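To be precise, the following lines are target.txt, and they hold compact mmCIF, N, CA and C atoms.
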# COMPACT_ATOMS: atom_id res chain seq x y z
N MET A 1 0.84 -1.19 0.00
CA MET A 1 0.00 0.00 0.00
C MET A 1 0.88 1.24 0.00
N GLU A 2 0.54 2.20 -0.82
CA GLU A 2 1.29 3.44 -0.91
C GLU A 2 0.99 4.31 0.30
N THR A 3 2.03 4.96 0.82
CA THR A 3 1.86 5.85 1.97
C THR A 3 1.07 7.08 1.54
N PRO A 4 -0.01 7.39 2.25
CA PRO A 4 -0.80 8.57 1.87
C PRO A 4 -0.04 9.85 2.21
N ASP A 5 -0.24 10.89 1.41
CA ASP A 5 0.32 12.20 1.70
C ASP A 5 -0.69 12.92 2.58
N VAL A 6 -0.53 12.72 3.88
CA VAL A 6 -1.51 13.22 4.85
C VAL A 6 -1.66 14.73 4.74
N ARG A 7 -0.55 15.44 4.62
CA ARG A 7 -0.61 16.90 4.53
C ARG A 7 -1.45 17.33 3.33
N ALA A 8 -1.24 16.71 2.18
CA ALA A 8 -1.99 17.07 0.97
C ALA A 8 -3.47 16.74 1.11
N VAL A 9 -3.77 15.58 1.67
CA VAL A 9 -5.17 15.16 1.84
C VAL A 9 -5.90 16.11 2.78
N VAL A 10 -5.31 16.36 3.95
CA VAL A 10 -5.96 17.23 4.94
C VAL A 10 -6.10 18.65 4.40
N THR A 11 -5.05 19.17 3.78
CA THR A 11 -5.11 20.53 3.24
C THR A 11 -6.16 20.64 2.14
N GLY A 12 -6.17 19.68 1.22
CA GLY A 12 -7.12 19.72 0.12
C GLY A 12 -8.56 19.65 0.58
N ILE A 13 -8.85 18.72 1.45
CA ILE A 13 -10.22 18.56 1.94
C ILE A 13 -10.64 19.77 2.76
N THR A 14 -9.75 20.26 3.61
CA THR A 14 -10.08 21.43 4.44
C THR A 14 -10.37 22.64 3.56
N ALA A 15 -9.54 22.87 2.55
CA ALA A 15 -9.76 24.00 1.64
C ALA A 15 -11.08 23.85 0.90
N GLU A 16 -11.37 22.64 0.45
CA GLU A 16 -12.61 22.40 -0.29
C GLU A 16 -13.84 22.63 0.59
N VAL A 17 -13.82 22.07 1.79
CA VAL A 17 -14.98 22.21 2.68
C VAL A 17 -15.19 23.66 3.10
N LEU A 18 -14.09 24.36 3.37
CA LEU A 18 -14.21 25.76 3.81
C LEU A 18 -14.35 26.74 2.64
N GLY A 19 -14.18 26.23 1.42
CA GLY A 19 -14.34 27.08 0.25
C GLY A 19 -13.27 28.16 0.14
N VAL A 20 -12.04 27.80 0.50
CA VAL A 20 -10.94 28.75 0.43
C VAL A 20 -9.78 28.15 -0.37
N ASP A 21 -8.89 29.01 -0.81
CA ASP A 21 -7.69 28.57 -1.49
C ASP A 21 -6.76 27.93 -0.45
N PRO A 22 -6.10 26.83 -0.80
CA PRO A 22 -5.19 26.20 0.15
C PRO A 22 -4.15 27.17 0.73
N ALA A 23 -3.72 28.15 -0.04
CA ALA A 23 -2.76 29.14 0.46
C ALA A 23 -3.33 29.93 1.64
N ALA A 24 -4.64 30.14 1.63
CA ALA A 24 -5.27 30.87 2.74
C ALA A 24 -5.17 30.08 4.04
N LEU A 25 -5.17 28.75 3.93
CA LEU A 25 -5.06 27.92 5.12
C LEU A 25 -3.68 28.06 5.75
N HIS A 26 -2.67 28.23 4.92
CA HIS A 26 -1.30 28.35 5.42
C HIS A 26 -1.00 29.75 5.93
N SER A 27 -1.80 30.72 5.53
CA SER A 27 -1.53 32.10 5.93
C SER A 27 -2.34 32.54 7.15
N THR A 28 -3.16 31.65 7.68
CA THR A 28 -3.95 32.00 8.85
C THR A 28 -3.43 31.25 10.07
N ASN A 29 -3.52 31.88 11.22
CA ASN A 29 -3.07 31.23 12.46
C ASN A 29 -4.01 30.13 12.89
N ALA A 30 -5.30 30.36 12.73
CA ALA A 30 -6.29 29.38 13.18
C ALA A 30 -7.40 29.26 12.15
N LEU A 31 -7.85 28.03 11.97
CA LEU A 31 -8.97 27.80 11.05
C LEU A 31 -10.20 28.57 11.51
N THR A 32 -10.32 28.74 12.81
CA THR A 32 -11.47 29.46 13.38
C THR A 32 -11.48 30.93 12.97
N ASP A 33 -10.35 31.45 12.48
CA ASP A 33 -10.30 32.84 12.01
C ASP A 33 -10.94 33.00 10.62
N LEU A 34 -11.12 31.91 9.91
CA LEU A 34 -11.71 31.98 8.57
C LEU A 34 -13.22 32.17 8.68
N PRO A 35 -13.79 33.06 7.89
CA PRO A 35 -15.22 33.34 8.00
C PRO A 35 -16.12 32.15 7.68
N THR A 36 -15.63 31.19 6.91
CA THR A 36 -16.45 30.04 6.55
C THR A 36 -16.35 28.89 7.54
N PHE A 37 -15.51 29.04 8.57
CA PHE A 37 -15.33 27.97 9.56
C PHE A 37 -16.56 27.88 10.47
N SER A 38 -16.94 26.65 10.80
CA SER A 38 -17.98 26.40 11.81
C SER A 38 -17.75 25.01 12.39
N SER A 39 -18.39 24.73 13.49
CA SER A 39 -18.23 23.41 14.10
C SER A 39 -18.77 22.32 13.17
N PHE A 40 -19.78 22.64 12.39
CA PHE A 40 -20.31 21.66 11.44
C PHE A 40 -19.29 21.36 10.34
N ARG A 41 -18.59 22.37 9.92
CA ARG A 41 -17.60 22.18 8.85
C ARG A 41 -16.40 21.36 9.34
N ILE A 42 -15.98 21.56 10.59
CA ILE A 42 -14.84 20.77 11.08
C ILE A 42 -15.24 19.30 11.19
N VAL A 43 -16.48 19.02 11.55
CA VAL A 43 -16.97 17.64 11.59
C VAL A 43 -16.92 17.04 10.18
N GLU A 44 -17.36 17.81 9.19
CA GLU A 44 -17.33 17.34 7.80
C GLU A 44 -15.89 17.08 7.35
N ILE A 45 -14.98 17.98 7.73
CA ILE A 45 -13.56 17.82 7.36
C ILE A 45 -13.02 16.52 7.95
N VAL A 46 -13.24 16.31 9.25
CA VAL A 46 -12.73 15.11 9.91
C VAL A 46 -13.32 13.85 9.27
N GLU A 47 -14.62 13.84 9.03
CA GLU A 47 -15.26 12.66 8.43
C GLU A 47 -14.71 12.38 7.03
N ARG A 48 -14.53 13.41 6.24
CA ARG A 48 -14.03 13.20 4.86
C ARG A 48 -12.58 12.75 4.85
N VAL A 49 -11.76 13.31 5.74
CA VAL A 49 -10.35 12.89 5.81
C VAL A 49 -10.28 11.45 6.32
N GLU A 50 -11.08 11.11 7.33
CA GLU A 50 -11.10 9.73 7.81
C GLU A 50 -11.44 8.77 6.67
N GLU A 51 -12.44 9.13 5.88
CA GLU A 51 -12.85 8.27 4.77
C GLU A 51 -11.73 8.16 3.73
N GLU A 52 -11.13 9.28 3.38
CA GLU A 52 -10.07 9.29 2.36
C GLU A 52 -8.85 8.49 2.81
N LEU A 53 -8.50 8.59 4.10
CA LEU A 53 -7.32 7.90 4.61
C LEU A 53 -7.65 6.53 5.19
N ASP A 54 -8.92 6.16 5.16
CA ASP A 54 -9.38 4.87 5.68
C ASP A 54 -8.90 4.65 7.11
N THR A 55 -9.23 5.61 7.96
CA THR A 55 -8.85 5.55 9.36
C THR A 55 -9.95 6.20 10.19
N GLU A 56 -9.84 6.08 11.50
CA GLU A 56 -10.80 6.73 12.39
C GLU A 56 -10.06 7.32 13.57
N VAL A 57 -10.31 8.59 13.82
CA VAL A 57 -9.69 9.30 14.93
C VAL A 57 -10.43 8.94 16.22
N GLU A 58 -9.66 8.68 17.27
CA GLU A 58 -10.27 8.41 18.58
C GLU A 58 -11.04 9.65 19.05
N ALA A 59 -12.19 9.45 19.63
CA ALA A 59 -13.02 10.56 20.10
C ALA A 59 -12.26 11.46 21.08
N SER A 60 -11.41 10.86 21.89
CA SER A 60 -10.65 11.64 22.88
C SER A 60 -9.66 12.60 22.23
N GLU A 61 -9.33 12.36 20.96
CA GLU A 61 -8.39 13.22 20.22
C GLU A 61 -9.09 14.41 19.56
N LEU A 62 -10.41 14.40 19.53
CA LEU A 62 -11.16 15.47 18.87
C LEU A 62 -11.35 16.65 19.82
N THR A 63 -10.25 17.32 20.09
CA THR A 63 -10.24 18.46 21.01
C THR A 63 -10.07 19.76 20.23
N PRO A 64 -10.47 20.88 20.82
CA PRO A 64 -10.27 22.16 20.14
C PRO A 64 -8.80 22.40 19.77
N ASP A 65 -7.88 22.00 20.62
CA ASP A 65 -6.46 22.18 20.30
C ASP A 65 -6.05 21.42 19.05
N ASN A 66 -6.58 20.23 18.84
CA ASN A 66 -6.23 19.42 17.67
C ASN A 66 -6.96 19.84 16.41
N LEU A 67 -8.06 20.55 16.55
CA LEU A 67 -8.92 20.85 15.40
C LEU A 67 -8.90 22.31 14.95
N SER A 68 -8.23 23.18 15.67
CA SER A 68 -8.35 24.61 15.38
C SER A 68 -7.32 25.14 14.39
N ARG A 69 -6.24 24.40 14.14
CA ARG A 69 -5.20 24.86 13.22
C ARG A 69 -4.89 23.76 12.20
N LEU A 70 -4.51 24.15 11.01
CA LEU A 70 -4.21 23.18 9.97
C LEU A 70 -3.07 22.25 10.40
N ASP A 71 -2.00 22.79 10.97
CA ASP A 71 -0.87 21.96 11.37
C ASP A 71 -1.25 20.93 12.44
N THR A 72 -2.08 21.32 13.39
CA THR A 72 -2.47 20.37 14.44
C THR A 72 -3.44 19.33 13.88
N LEU A 73 -4.24 19.71 12.91
CA LEU A 73 -5.15 18.77 12.26
C LEU A 73 -4.36 17.73 11.47
N ILE A 74 -3.34 18.19 10.75
CA ILE A 74 -2.47 17.27 10.01
C ILE A 74 -1.76 16.32 10.99
N ALA A 75 -1.22 16.87 12.07
CA ALA A 75 -0.52 16.06 13.07
C ALA A 75 -1.45 15.02 13.68
N LEU A 76 -2.71 15.38 13.90
CA LEU A 76 -3.69 14.46 14.44
C LEU A 76 -3.85 13.24 13.53
N PHE A 77 -3.97 13.47 12.24
CA PHE A 77 -4.13 12.35 11.31
C PHE A 77 -2.84 11.57 11.13
N GLU A 78 -1.72 12.22 11.19
CA GLU A 78 -0.45 11.49 11.12
C GLU A 78 -0.30 10.55 12.33
N ARG A 79 -0.64 11.04 13.52
CA ARG A 79 -0.60 10.19 14.73
C ARG A 79 -1.58 9.03 14.62
N THR A 80 -2.78 9.33 14.15
CA THR A 80 -3.81 8.30 14.03
C THR A 80 -3.35 7.19 13.09
N LEU A 81 -2.76 7.57 11.97
CA LEU A 81 -2.28 6.58 11.01
C LEU A 81 -1.11 5.77 11.59
N ARG A 82 -0.22 6.44 12.31
CA ARG A 82 0.91 5.72 12.93
C ARG A 82 0.43 4.70 13.94
N THR A 83 -0.54 5.06 14.75
CA THR A 83 -1.03 4.14 15.78
C THR A 83 -1.87 3.02 15.18
N SER A 84 -2.40 3.25 13.97
CA SER A 84 -3.17 2.18 13.34
C SER A 84 -2.29 1.29 12.45
N GLY A 85 -1.01 1.61 12.42
CA GLY A 85 -0.07 0.77 11.67
C GLY A 85 0.15 1.17 10.23
N VAL A 86 -0.41 2.29 9.81
CA VAL A 86 -0.20 2.79 8.45
C VAL A 86 0.92 3.81 8.51
N PRO A 87 1.99 3.63 7.77
CA PRO A 87 3.08 4.60 7.82
C PRO A 87 2.62 5.97 7.35
N GLY A 88 3.04 7.01 8.06
CA GLY A 88 2.60 8.36 7.69
C GLY A 88 3.71 9.27 7.31

Write the structure described by the file as structure tokens, please.
Amino acid sequence: METPDVRAVVTGITAEVLGVDPAALHSTNALTDLPTFSSFRIVEIVERVEEELDTEVEASELTPDNLSRLDTLIALFERTLRTSGVPG
């Protein structure tokens, strides 16, 4: 199995769901600063990334600290894949 590019998957899906250019995600400190961000959208992002990467994030990991910034969201999925045995 090919190693997924977690950063590309998370960035692409997040940009698509929030309706922003991927560059905008890298230029903001927090996803919550984007006008299109909402709690419903972060749920959609997590569900779509889980589906794309064929993994499931532990509920205890779904904290505001892990979900509020692009880098922490990417790190969350990298950890999840490592603990599930998929190289990240």

Problem - Residue list (helix (DSSP H, G or I), DSSP) for chain A, as a PyMOL selection string - result: chain A and resi 6-18+22-26+31-33+39-53+59-61+64-67+70-83

Exercise for the section: Extract, using only N, CA and C atoms, all DNA, RNA and protein residues at most 6 Å from range 10-25 of chain A, discarding same-chain residues fewer than 5 positions from it, and format them as a count of residues only. Expected result: 4

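Computed from the coordinates, the CA of Arg69 in chain A to atom N of Thr32 in chain A distance equals 6.4 Å.
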
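The closest residue to Thr28 in chain A, picked from A:Leu53, A:Val6, A:Leu70, A:Val43 and counting only C-alpha atoms, is A:Leu70.
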
Handout entry: Atom-to-atom span, CA of Asn66 in chain A and CA of Arg79 in chain A, Å
Key = 11.2 Å

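In this model, the gap between CA of Glu56 in chain A and CA of Leu76 in chain A comes to 10.7 Å.
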
Go ahead and fit an axis-aligned box to every listed atom of range 56-69 of chain A plus 5 Å each side, and pass me the centre and edge lengths in Å, one decimal, as AutoDock Vina command-line options.
--center_x -9.0 --center_y 15.6 --center_z 17.2 --size_x 18.1 --size_y 29.1 --size_z 21.4

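All residues that come within 5 Å of the coordinates (-5.2, 13.4, 14.5), counting all atoms listed in the file, are given as Ala75, Leu76, Phe77, Glu78 and Thr80 of chain A.
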
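Counting all atoms listed in the file, the residue from A:Arg7, A:His26, A:Asp33, A:Thr83 that sits nearest to Ser68 in chain A is A:Asp33.
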